[in-house]
>>> print(open('run34.tsv').read())   # TSV, C-alpha atoms and all ligand atoms
chain	number	residue	atom	x	y	z
A	754	MET	CA	9.28	-4.80	21.96
A	755	ALA	CA	11.82	-3.47	19.46
A	756	HIS	CA	15.48	-3.99	20.23
A	757	VAL	CA	17.04	-0.65	21.08
A	758	TRP	CA	20.66	-0.41	19.92
A	759	THR	CA	23.11	0.23	22.76
A	760	GLY	CA	26.39	0.90	20.90
A	761	ILE	CA	28.94	-1.56	19.59
A	762	ILE	CA	30.73	-2.37	22.85
A	763	ARG	CA	27.59	-3.40	24.69
A	764	GLU	CA	26.09	-5.13	21.64
A	765	TYR	CA	29.24	-7.21	21.03
A	766	MET	CA	30.59	-7.29	24.59
A	767	ASP	CA	31.63	-10.96	24.40
A	768	ARG	CA	33.94	-10.15	21.48
A	769	MET	CA	35.36	-6.90	22.88
A	770	PRO	CA	38.28	-6.36	25.29
A	771	PHE	CA	35.93	-4.92	27.94
A	772	ASP	CA	33.44	-6.21	30.47
A	773	ALA	CA	30.25	-5.04	32.09
A	774	ASP	CA	32.11	-3.37	34.99
A	775	ASP	CA	33.98	-0.99	32.69
A	776	ARG	CA	32.76	2.56	32.22
A	777	ILE	CA	31.76	2.41	28.54
A	778	VAL	CA	32.09	5.68	26.62
A	779	SER	CA	29.46	5.47	23.90
A	780	LEU	CA	27.35	7.75	21.74
A	781	GLY	CA	25.30	4.84	20.42
A	782	GLU	CA	27.56	4.12	17.43
A	783	GLY	CA	27.07	1.19	15.05
A	784	GLY	CA	23.85	-0.56	14.11
A	785	THR	CA	24.06	1.17	10.73
A	786	PRO	CA	21.83	0.19	7.80
A	787	LEU	CA	22.89	-2.25	5.09
A	788	ILE	CA	21.04	-0.92	2.06
A	789	HIS	CA	20.36	-2.79	-1.17
A	790	ALA	CA	21.50	-0.78	-4.20
A	791	ALA	CA	19.07	-1.94	-6.91
A	792	THR	CA	20.30	0.12	-9.85
A	793	ILE	CA	23.96	-0.61	-9.20
A	794	SER	CA	23.14	-4.31	-8.67
A	795	SER	CA	21.56	-4.58	-12.10
A	796	MET	CA	24.40	-2.59	-13.69
A	797	VAL	CA	27.04	-5.02	-12.42
A	798	GLY	CA	25.01	-8.27	-12.37
A	799	ALA	CA	25.44	-8.88	-8.65
A	800	GLU	CA	23.59	-8.17	-5.41
A	801	VAL	CA	25.18	-4.98	-4.10
A	802	PHE	CA	24.60	-3.55	-0.64
A	803	VAL	CA	26.03	-0.43	0.96
A	804	LYS	CA	26.91	-0.31	4.65
A	805	TYR	CA	25.95	3.26	5.47
A	806	GLU	CA	28.57	4.32	8.01
A	807	GLY	CA	27.68	7.98	7.61
A	808	MET	CA	24.79	7.13	9.98
A	809	ASN	CA	27.17	6.98	12.95
A	810	PRO	CA	26.97	9.70	15.65
A	811	THR	CA	29.69	11.89	14.14
A	812	GLY	CA	28.95	10.78	10.58
A	813	SER	CA	31.71	8.24	9.95
A	814	PHE	CA	32.91	4.72	10.79
A	815	LYS	CA	35.57	6.21	13.06
A	816	ASP	CA	33.04	6.22	15.91
A	817	ARG	CA	33.23	2.41	16.14
A	818	GLY	CA	36.93	2.64	16.89
A	819	MET	CA	36.64	5.74	19.04
A	820	THR	CA	34.15	4.26	21.53
A	821	SER	CA	36.64	1.47	22.26
A	822	ALA	CA	39.77	3.66	22.17
A	823	ILE	CA	38.29	6.29	24.48
A	824	THR	CA	36.81	3.68	26.81
A	825	GLN	CA	40.33	2.29	27.27
A	826	VAL	CA	41.81	5.78	27.75
A	827	VAL	CA	39.35	6.38	30.60
A	828	LYS	CA	40.18	2.97	32.03
A	829	ASP	CA	43.88	3.82	31.93
A	830	GLY	CA	43.20	7.11	33.73
A	831	ASP	CA	44.61	9.35	31.00
A	832	HIS	CA	43.23	12.87	30.62
A	833	THR	CA	44.23	14.03	27.14
A	834	VAL	CA	43.90	12.32	23.76
A	835	VAL	CA	45.81	13.22	20.63
A	836	CYS	CA	45.37	12.31	16.97
A	837	ALA	CA	46.44	13.23	13.48
A	838	SER	CA	43.59	13.37	11.02
A	839	THR	CA	42.32	13.94	7.52
A	840	GLY	CA	39.16	15.07	9.33
A	841	ASN	CA	36.94	12.21	10.44
A	842	THR	CA	39.18	10.83	13.17
A	843	SER	CA	39.46	14.30	14.69
A	844	ALA	CA	35.69	14.85	14.55
A	845	SER	CA	35.11	11.53	16.29
A	846	ALA	CA	37.92	11.90	18.82
A	847	ALA	CA	36.68	15.39	19.72
A	848	ALA	CA	33.10	14.17	20.28
A	849	TYR	CA	33.99	11.10	22.35
A	850	ALA	CA	36.57	13.04	24.36
A	851	ALA	CA	33.92	15.69	25.09
A	852	HIS	CA	31.49	13.00	26.22
A	853	ALA	CA	34.08	11.43	28.49
A	854	GLY	CA	35.29	14.77	29.90
A	855	LEU	CA	38.77	14.48	28.35
A	856	LYS	CA	40.88	17.04	26.53
A	857	CYS	CA	41.46	16.44	22.83
A	858	VAL	CA	44.31	17.79	20.72
A	859	VAL	CA	44.42	17.36	16.97
A	860	MET	CA	46.99	17.80	14.18
A	861	ILE	CA	45.55	18.32	10.71
A	862	PRO	CA	47.17	18.97	7.33
A	863	GLN	CA	46.77	22.68	6.63
A	864	GLY	CA	43.84	23.51	4.33
A	865	LYS	CA	43.21	19.86	3.45
A	866	ILE	CA	40.26	18.82	5.56
A	867	ALA	CA	36.59	19.28	4.67
A	868	ALA	CA	34.76	22.18	6.32
A	869	GLY	CA	32.19	20.03	8.13
A	870	LYS	CA	34.88	17.94	9.79
A	871	MET	CA	36.79	21.05	10.85
A	872	ALA	CA	33.55	22.45	12.31
A	873	GLN	CA	32.95	19.28	14.29
A	874	ALA	CA	36.37	19.30	15.95
A	875	ILE	CA	36.03	23.00	16.79
A	876	VAL	CA	32.49	22.79	18.15
A	877	HIS	CA	33.29	19.73	20.27
A	878	GLY	CA	36.03	21.80	21.88
A	879	ALA	CA	39.20	20.17	20.57
A	880	LYS	CA	42.44	22.11	20.38
A	881	LEU	CA	43.28	22.15	16.67
A	882	VAL	CA	46.70	22.72	15.18
A	883	GLN	CA	47.26	22.87	11.43
A	884	VAL	CA	50.54	21.47	10.19
A	885	ASP	CA	52.29	22.73	7.09
A	886	GLY	CA	52.55	19.16	5.84
A	887	ASN	CA	50.40	16.15	4.98
A	888	PHE	CA	48.59	13.57	7.12
A	889	ASP	CA	51.57	11.23	7.23
A	890	GLU	CA	53.73	13.99	8.70
A	891	CYS	CA	50.99	14.85	11.21
A	892	LEU	CA	50.92	11.20	12.29
A	893	ASP	CA	54.69	11.19	12.77
A	894	ILE	CA	54.33	14.21	15.07
A	895	VAL	CA	51.54	12.79	17.23
A	896	ARG	CA	53.30	9.44	17.56
A	897	ALA	CA	56.34	11.27	18.91
A	898	LEU	CA	54.18	13.45	21.19
A	899	SER	CA	52.48	10.39	22.68
A	900	GLU	CA	55.89	8.91	23.53
A	901	ASP	CA	57.25	12.02	25.23
A	902	TYR	CA	54.16	13.67	26.77
A	903	PRO	CA	51.18	12.52	28.84
A	904	VAL	CA	48.79	12.23	25.87
A	905	ALA	CA	47.08	9.06	24.65
A	906	LEU	CA	47.23	8.38	20.92
A	907	VAL	CA	43.85	7.48	19.39
A	908	ASN	CA	44.83	6.97	15.75
A	909	SER	CA	44.29	3.46	14.41
A	910	VAL	CA	47.80	2.41	15.45
A	911	ASN	CA	46.06	2.17	18.84
A	912	PRO	CA	44.88	-1.47	18.82
A	913	TYR	CA	41.61	-0.63	20.59
A	914	ARG	CA	40.55	1.26	17.45
A	915	LEU	CA	40.58	-1.87	15.29
A	916	GLN	CA	38.78	-3.85	18.00
A	917	GLY	CA	35.86	-1.43	17.71
A	918	GLN	CA	35.95	-1.17	13.94
A	919	LYS	CA	35.84	-4.96	13.42
A	920	THR	CA	32.20	-4.85	14.61
A	921	ALA	CA	31.12	-3.48	11.22
A	922	ALA	CA	32.02	-6.86	9.72
A	923	PHE	CA	29.99	-8.60	12.46
A	924	GLU	CA	26.99	-6.42	11.62
A	925	ILE	CA	27.21	-7.18	7.91
A	926	VAL	CA	27.16	-10.94	8.61
A	927	ASP	CA	24.33	-10.48	11.12
A	928	GLN	CA	22.36	-8.43	8.58
A	929	LEU	CA	22.93	-10.75	5.58
A	930	GLY	CA	22.77	-14.02	7.53
A	931	ASP	CA	26.24	-14.95	6.22
A	932	ALA	CA	29.40	-13.26	4.99
A	933	PRO	CA	29.26	-11.64	1.54
A	934	ASP	CA	31.31	-13.05	-1.35
A	935	ILE	CA	33.19	-9.78	-1.74
A	936	HIS	CA	33.59	-6.85	0.61
A	937	MET	CA	34.75	-3.48	-0.76
A	938	LEU	CA	35.97	-0.41	1.08
A	939	PRO	CA	38.20	2.65	0.68
A	940	VAL	CA	41.77	2.38	1.97
A	941	GLY	CA	43.66	5.33	3.46
A	942	ASN	CA	45.69	4.72	6.59
A	943	ALA	CA	44.54	1.08	6.24
A	944	GLY	CA	43.11	0.58	9.72
A	945	ASN	CA	39.61	-0.20	8.52
A	946	ILE	CA	40.54	-2.85	5.93
A	947	SER	CA	42.58	-4.55	8.67
A	948	ALA	CA	39.69	-4.35	11.14
A	949	TYR	CA	37.15	-5.77	8.67
A	950	TRP	CA	39.39	-8.72	7.87
A	951	MET	CA	39.81	-9.34	11.60
A	952	GLY	CA	36.03	-9.21	12.09
A	953	PHE	CA	35.14	-11.47	9.16
A	954	ASN	CA	37.75	-14.00	10.34
A	955	GLU	CA	36.56	-13.89	13.92
A	956	TYR	CA	32.97	-14.63	12.88
A	957	ALA	CA	34.00	-17.42	10.48
A	958	ASP	CA	36.25	-18.99	13.14
A	959	ALA	CA	33.33	-18.94	15.58
A	960	GLY	CA	31.09	-20.67	13.03
A	961	LEU	CA	28.87	-17.60	12.66
A	962	ALA	CA	29.64	-17.31	8.91
A	963	THR	CA	30.20	-20.14	6.42
A	964	LYS	CA	32.80	-18.24	4.39
A	965	ARG	CA	35.18	-15.26	4.33
A	966	PRO	CA	34.78	-12.55	1.69
A	967	LYS	CA	37.42	-11.47	-0.77
A	968	ILE	CA	38.49	-7.97	0.27
A	969	TRP	CA	38.63	-5.43	-2.56
A	970	GLY	CA	40.21	-2.16	-1.42
A	971	LEU	CA	40.13	1.15	-3.26
A	972	GLN	CA	42.50	4.08	-3.18
A	973	ALA	CA	42.47	7.36	-5.09
A	974	GLU	CA	44.83	7.38	-8.10
A	975	GLY	CA	46.98	10.24	-6.79
A	976	SER	CA	47.18	8.66	-3.38
A	977	ALA	CA	47.67	4.94	-3.99
A	978	PRO	CA	50.72	3.58	-2.11
A	979	PHE	CA	49.36	0.01	-2.07
A	980	VAL	CA	48.94	0.08	-5.84
A	981	GLN	CA	52.44	1.53	-6.29
A	982	GLY	CA	53.80	-1.03	-3.85
A	983	HIS	CA	55.52	1.51	-1.62
A	984	PRO	CA	54.77	4.64	0.43
A	985	ILE	CA	54.47	7.85	-1.60
A	986	LYS	CA	55.64	11.32	-0.60
A	987	ASP	CA	53.06	13.76	-1.91
A	988	PRO	CA	49.62	12.12	-2.03
A	989	GLU	CA	46.93	14.17	-3.78
A	990	THR	CA	43.21	13.62	-4.33
A	991	ILE	CA	39.89	15.40	-4.09
A	992	ALA	CA	38.93	12.67	-1.60
A	993	THR	CA	40.86	14.35	1.22
A	994	ALA	CA	39.86	11.68	3.77
A	995	ILE	CA	42.15	9.20	1.99
A	996	ARG	CA	44.90	11.63	1.01
A	997	ILE	CA	47.45	9.39	2.75
A	998	GLY	CA	50.78	8.21	1.35
A	999	LYS	CA	52.31	6.17	4.16
A	1000	PRO	CA	49.58	3.93	5.64
A	1001	ALA	CA	50.29	2.90	9.22
A	1002	SER	CA	48.65	-0.55	9.01
A	1003	TRP	CA	50.64	-1.55	5.90
A	1004	ASP	CA	51.33	-5.20	6.78
A	1005	LEU	CA	47.82	-5.89	8.11
A	1006	ALA	CA	46.28	-4.47	4.93
A	1007	ILE	CA	48.53	-6.58	2.70
A	1008	ALA	CA	47.54	-9.62	4.77
A	1009	ALA	CA	43.83	-8.78	4.38
A	1010	ARG	CA	44.29	-8.43	0.63
A	1011	ASP	CA	46.35	-11.58	0.11
A	1012	GLU	CA	44.79	-13.97	2.62
A	1013	SER	CA	41.32	-13.13	1.28
A	1014	GLY	CA	42.39	-13.50	-2.36
A	1015	GLY	CA	41.39	-9.91	-3.01
A	1016	TRP	CA	43.08	-6.81	-4.37
A	1017	ILE	CA	43.71	-3.10	-3.77
A	1018	ARG	CA	43.32	-0.84	-6.82
A	1019	ALA	CA	42.98	2.85	-7.59
A	1020	VAL	CA	40.22	4.97	-9.13
A	1021	SER	CA	40.40	8.49	-10.54
A	1022	ASP	CA	38.96	11.54	-8.80
A	1023	ASP	CA	36.47	11.89	-11.68
A	1024	ALA	CA	35.28	8.31	-11.24
A	1025	ILE	CA	34.91	8.95	-7.50
A	1026	LEU	CA	32.74	12.02	-8.10
A	1027	ARG	CA	30.56	10.15	-10.62
A	1028	ALA	CA	30.09	7.31	-8.13
A	1029	GLN	CA	29.24	9.80	-5.38
A	1030	ALA	CA	26.53	11.33	-7.59
A	1031	MET	CA	25.20	7.89	-8.51
A	1032	LEU	CA	24.94	6.81	-4.87
A	1033	ALA	CA	23.03	9.98	-4.02
A	1034	ALA	CA	20.69	9.93	-7.04
A	1035	ASP	CA	20.12	6.16	-7.41
A	1036	VAL	CA	20.42	4.78	-3.88
A	1037	GLY	CA	19.44	7.82	-1.81
A	1038	VAL	CA	22.69	7.74	0.15
A	1039	PHE	CA	24.82	10.90	0.30
A	1040	VAL	CA	28.44	10.05	1.01
A	1041	GLU	CA	31.67	11.98	1.07
A	1042	PRO	CA	34.04	11.47	-1.89
A	1043	ALA	CA	36.35	8.88	-0.24
A	1044	SER	CA	33.32	6.72	0.50
A	1045	ALA	CA	32.35	6.55	-3.16
A	1046	ALA	CA	35.69	4.98	-4.17
A	1047	PRO	CA	34.45	1.39	-3.68
A	1048	ILE	CA	31.48	2.04	-5.96
A	1049	ALA	CA	33.78	3.54	-8.60
A	1050	GLY	CA	36.00	0.48	-8.22
A	1051	LEU	CA	33.04	-1.87	-8.52
A	1052	LEU	CA	31.90	-0.23	-11.78
A	1053	ALA	CA	35.46	-0.49	-13.15
A	1054	ALA	CA	35.71	-4.16	-12.15
A	1055	SER	CA	32.35	-4.78	-13.79
A	1056	ALA	CA	33.44	-3.08	-17.02
A	1057	ALA	CA	36.50	-5.36	-17.00
A	1058	GLY	CA	34.22	-8.41	-16.65
A	1059	GLU	CA	35.58	-9.24	-13.20
A	1060	VAL	CA	32.41	-9.20	-11.11
A	1061	PRO	CA	31.15	-12.77	-10.55
A	1062	LYS	CA	27.52	-13.13	-11.74
A	1063	GLY	CA	25.05	-13.04	-8.86
A	1064	ALA	CA	27.72	-12.52	-6.17
A	1065	THR	CA	26.77	-10.82	-2.94
A	1066	ILE	CA	28.90	-7.69	-2.66
A	1067	THR	CA	28.93	-5.32	0.29
A	1068	CYS	CA	30.52	-1.88	0.09
A	1069	THR	CA	31.33	0.22	3.13
A	1070	VAL	CA	30.48	3.83	2.48
A	1071	THR	CA	32.53	5.30	5.27
A	1072	GLY	CA	31.47	8.92	5.75
A	1073	ASN	CA	28.48	11.25	5.44
A	1074	GLY	CA	28.22	13.59	2.44
A	1075	LEU	CA	27.16	16.48	4.68
A	1076	LYS	CA	30.75	16.79	5.87
A	1077	ASP	CA	31.92	18.08	2.52
A	1078	THR	CA	29.14	19.81	0.63
A	1079	ALA	CA	31.56	22.05	-1.29
A	1080	THR	CA	33.09	19.14	-3.19
A	1081	ALA	CA	29.70	17.53	-3.83
A	1082	LEU	CA	28.29	20.75	-5.25
A	1083	GLY	CA	31.37	21.67	-7.29
A	1084	GLY	CA	30.35	22.41	-10.88
A	1085	ARG	CA	26.62	22.16	-10.15
A	1086	GLU	CA	23.83	24.71	-10.36
A	1087	VAL	CA	23.30	25.80	-6.75
A	1088	ASP	CA	21.10	28.85	-7.24
A	1089	PRO	CA	17.56	27.61	-7.94
A	1090	GLU	CA	15.10	29.97	-9.60
A	1091	VAL	CA	13.25	32.42	-7.31
A	1092	ILE	CA	9.52	32.95	-7.86
A	1093	PRO	CA	6.80	35.09	-6.23
A	1094	VAL	CA	4.32	33.43	-3.81
A	1095	ASP	CA	2.10	32.10	-6.59
A	1096	VAL	CA	0.95	28.55	-7.49
A	1097	ALA	CA	0.89	29.18	-11.23
A	1098	ALA	CA	4.43	30.54	-11.15
A	1099	ALA	CA	5.49	27.50	-9.11
A	1100	ALA	CA	3.93	25.11	-11.62
A	1101	GLN	CA	5.59	26.92	-14.50
A	1102	ALA	CA	9.00	26.98	-12.78
A	1103	LEU	CA	8.70	23.26	-12.01
A	1104	GLY	CA	7.67	22.39	-15.57
A	1105	LEU	CA	4.40	20.79	-14.38
B	1201	LIG	C1	35.51	8.74	5.05
B	1201	LIG	O1	40.20	10.75	9.67
B	1201	LIG	O2	42.50	8.65	8.23
B	1201	LIG	O3	42.05	3.15	5.71
B	1201	LIG	O4	42.35	10.80	9.85
B	1201	LIG	O5	37.67	9.38	6.73
B	1201	LIG	O6	41.07	3.12	8.02
B	1201	LIG	O7	42.36	5.09	7.21
B	1201	LIG	C2	40.23	8.88	7.65
B	1201	LIG	C3	40.13	7.81	6.82
B	1201	LIG	C4	37.93	6.06	4.43
B	1201	LIG	C5	40.16	5.44	5.23
B	1201	LIG	N1	36.85	6.83	4.39
B	1201	LIG	O8	40.12	4.56	6.31
B	1201	LIG	C6	41.32	10.31	9.37
B	1201	LIG	C7	41.43	9.22	8.39
B	1201	LIG	C8	36.76	7.93	5.15
B	1201	LIG	C9	37.82	8.28	6.00
B	1201	LIG	C10	39.00	6.36	5.23
B	1201	LIG	C11	38.97	7.49	6.03
B	1201	LIG	P1	41.48	3.95	6.85
>>> encode(input="run34.tsv", output="structure tokens")
Amino acid sequence: MAHVWTGIIREYMDRMPFDADDRIVSLGEGGTPLIHAATISSMVGAEVFVKYEGMNPTGSFKDRGMTSAITQVVKDGDHTVVCASTGNTSASAAAYAAHAGLKCVVMIPQGKIAAGKMAQAIVHGAKLVQVDGNFDECLDIVRALSEDYPVALVNSVNPYRLQGQKTAAFEIVDQLGDAPDIHMLPVGNAGNISAYWMGFNEYADAGLATKRPKIWGLQAEGSAPFVQGHPIKDPETIATAIRIGKPASWDLAIAARDESGGWIRAVSDDAILRAQAMLAADVGVFVEPASAAPIAGLLAASAAGEVPKGATITCTVTGNGLKDTATALGGREVDPEVIPVDVAAAAQALGL
């Protein structure tokens, strides 16, 4: 009989801060595909795989952290969760809160989150407030709210978030049979890079992997505090998910970079959009712009001769392209020819 996936907490229960008696709040997250990217592999002279996190229940990796964060909120007996978000955290928090019967309140930077993510939070019944400021300022507000009011913070400063998100590293090792040589991912608030490093270390320490990957993190050029070496005030990028200037998990991300012998670099918005198109057209995986940053970074590293020949490289593509169709379609022909109901006209229109 096929193994039916039961969500990351149940699948990795022995490595999670929960036990079988806990009421697990799950939408079946995790168990996402690791897909070989043949064209990109031959372009860079390595074996490249993408971890397709857009396959999660709300379309992003945030669900891994939200199942564990919300499970703990229920355990603690809290009734309302709060988060700041560039869109995906709020979509995920809203869905898991709905499933658990909790209230969800969300602070988002005004006009700076993708339409699909906004729709998710609204439809799942969250109370949304737009802030005339950026994500970092929204996070400052919700941190203060969670100190002074009876609301539980579910941003990645909540340690249960990283506990859930580390399972993506477990899955990659389980899927490959060992850790990759290099793992690449986008870096925004820096929770995920910290969680992956935790997960790869935990598996190596347990003898379940023979090595630990170098971690290569990617930011958008206009929003690259780790590349600048300090927080920045007015982050800007088309990849709104990672439009973050003051990452909360700063020290953990620096540790992941340095202990692994990796790096964090920046790529331009144009390079991100080209990588997004390449992933869709060559791999068959439609991601949101932020998720394409690692591929853009991989192509740049390859052009600089920095990709080790034959290395196994995994790239987390963090969010589903359906969340932000406007950016993906920007500058493209979106009004295909209309024909009468006629086979000959169809053949002619299709150039057959
Ligand atoms: C698609 O939703 O911060 O470095 O508020 O949505 O762990 O922050 C989203 C971040 C990468 C960066 N890719 O991850 C939010 C939020 C996508 C994202 C990141 C985000 P972190």
>>> residues_near_point(input="run34.tsv", point="(32.6, -15.6, 7.6)", cutoff="12 Å", atoms="all atoms listed in the file", output="PyMOL selection string")
chain A and resi 922-927+929-936+949-967+1013
>>> write_last_selection(input="run34.tsv", atoms="C-alpha atoms", output="compact mmCIF listing (two decimals), in the coordinates of the input")
# COMPACT_ATOMS: atom_id res chain seq x y z
CA ALA A 922 32.02 -6.86 9.72
CA PHE A 923 29.99 -8.60 12.46
CA GLU A 924 26.99 -6.42 11.62
CA ILE A 925 27.21 -7.18 7.91
CA VAL A 926 27.16 -10.94 8.61
CA ASP A 927 24.33 -10.48 11.12
CA LEU A 929 22.93 -10.75 5.58
CA GLY A 930 22.77 -14.02 7.53
CA ASP A 931 26.24 -14.95 6.22
CA ALA A 932 29.40 -13.26 4.99
CA PRO A 933 29.26 -11.64 1.54
CA ASP A 934 31.31 -13.05 -1.35
CA ILE A 935 33.19 -9.78 -1.74
CA HIS A 936 33.59 -6.85 0.61
CA TYR A 949 37.15 -5.77 8.67
CA TRP A 950 39.39 -8.72 7.87
CA MET A 951 39.81 -9.34 11.60
CA GLY A 952 36.03 -9.21 12.09
CA PHE A 953 35.14 -11.47 9.16
CA ASN A 954 37.75 -14.00 10.34
CA GLU A 955 36.56 -13.89 13.92
CA TYR A 956 32.97 -14.63 12.88
CA ALA A 957 34.00 -17.42 10.48
CA ASP A 958 36.25 -18.99 13.14
CA ALA A 959 33.33 -18.94 15.58
CA GLY A 960 31.09 -20.67 13.03
CA LEU A 961 28.87 -17.60 12.66
CA ALA A 962 29.64 -17.31 8.91
CA THR A 963 30.20 -20.14 6.42
CA LYS A 964 32.80 -18.24 4.39
CA ARG A 965 35.18 -15.26 4.33
CA PRO A 966 34.78 -12.55 1.69
CA LYS A 967 37.42 -11.47 -0.77
CA SER A 1013 41.32 -13.13 1.28
>>> residues_around(input="run34.tsv", residues="segment 974-977 of chain A", least_positions_apart="3", cutoff="9 Å", atoms="all atoms listed in the file", output="JSON, numbers by chain")
{"A": [940, 941, 971, 980, 981, 982, 983, 984, 985, 987, 988, 989, 990, 995, 996, 997, 998, 1017, 1018, 1019, 1020, 1021, 1022]}
>>> residues_around(input="run34.tsv", residues="Thr993 of chain A", least_positions_apart="6", cutoff="10 Å", atoms="all atoms listed in the file", output="PyMOL selection string")
chain A and resi 839-840+862+865-867+888+941+973+976+1041-1043+1077
>>> atom_distance(input="run34.tsv", atom1="atom CA of Ser779 of chain A", atom2="atom CA of Val895 of chain A")
24.2 Å
>>> residues_around(input="run34.tsv", residues="Asn841 of chain A", least_positions_apart="6", cutoff="10 Å", atoms="all atoms listed in the file", output="VMD selection string")
chain A and resid 811 to 816 847 866 to 867 869 to 871 873 to 874 994 1071 to 1073 1076
>>> closest_residue(input="run34.tsv", among="A:Leu1105, A:Val1040, A:Ala1064, A:Ile761", to="ligand LIG 1201 (chain B)", atoms="all atoms listed in the file")
A:Val1040
>>> closest_residue(input="run34.tsv", among="A:Ile1066, A:Met860, A:Ile991, A:Leu1082", to="Leu938 of chain A", atoms="all atoms listed in the file")
A:Ile1066
>>> closest_residue(input="run34.tsv", among="A:Ala1099, A:Cys836, A:Ala1081, A:Ala992", to="Phe1039 of chain A", atoms="only C-alpha atoms")
A:Ala1081
>>> residues_around(input="run34.tsv", residues="segment 795-810 of chain A", least_positions_apart="4", cutoff="8 Å", atoms="all atoms listed in the file", output="MDAnalysis selection string")
chainID A and resid 780:783 785:791 814 816 925 1038 1040 1051:1052 1055 1060:1074
>>> axis_aligned_box(input="run34.tsv", around="segment 763-782 of chain A", padding_each_side="4 Å", output="AutoDock Vina command-line options")
--center_x 31.8 --center_y -1.6 --center_z 26.2 --size_x 21.0 --size_y 26.7 --size_z 25.6
>>> closest_residue(input="run34.tsv", among="A:Leu855, A:Ala1053, A:Leu892, A:Val1096", to="ligand LIG 1201 (chain B)", atoms="only C-alpha atoms and all ligand atoms")
A:Leu892
>>> closest_residue(input="run34.tsv", among="A:Gly784, A:Pro912, A:Pro939, A:Pro1093", to="ligand LIG 1201 (chain B)", atoms="all atoms listed in the file")
A:Pro939
>>> atom_distance(input="run34.tsv", atom1="atom CA of Glu900 of chain A", atom2="atom CA of Thr833 of chain A")
13.2 Å
>>> atom_distance(input="run34.tsv", atom1="atom CA of Val884 of chain A", atom2="atom CA of Ser1044 of chain A")
24.7 Å
>>> residues_around(input="run34.tsv", residues="His852 of chain A", least_positions_apart="4", cutoff="12 Å", atoms="only C-alpha atoms", output="JSON, numbers by chain")
{"A": [777, 778, 779, 780, 781, 810, 819, 820, 823, 824, 827, 845, 846, 847, 848, 856, 857, 877, 878, 879]}
>>> closest_residue(input="run34.tsv", among="A:Gln972, A:Ser947, A:Asn908, A:Thr792", to="Ala1006 of chain A", atoms="all atoms listed in the file")
A:Ser947
>>> residues_near_point(input="run34.tsv", point="(53.9, 15.2, 20.7)", cutoff="12 Å", atoms="only C-alpha atoms", output="MDAnalysis selection string")
chainID A and resid 833:837 858:860 882 891:906
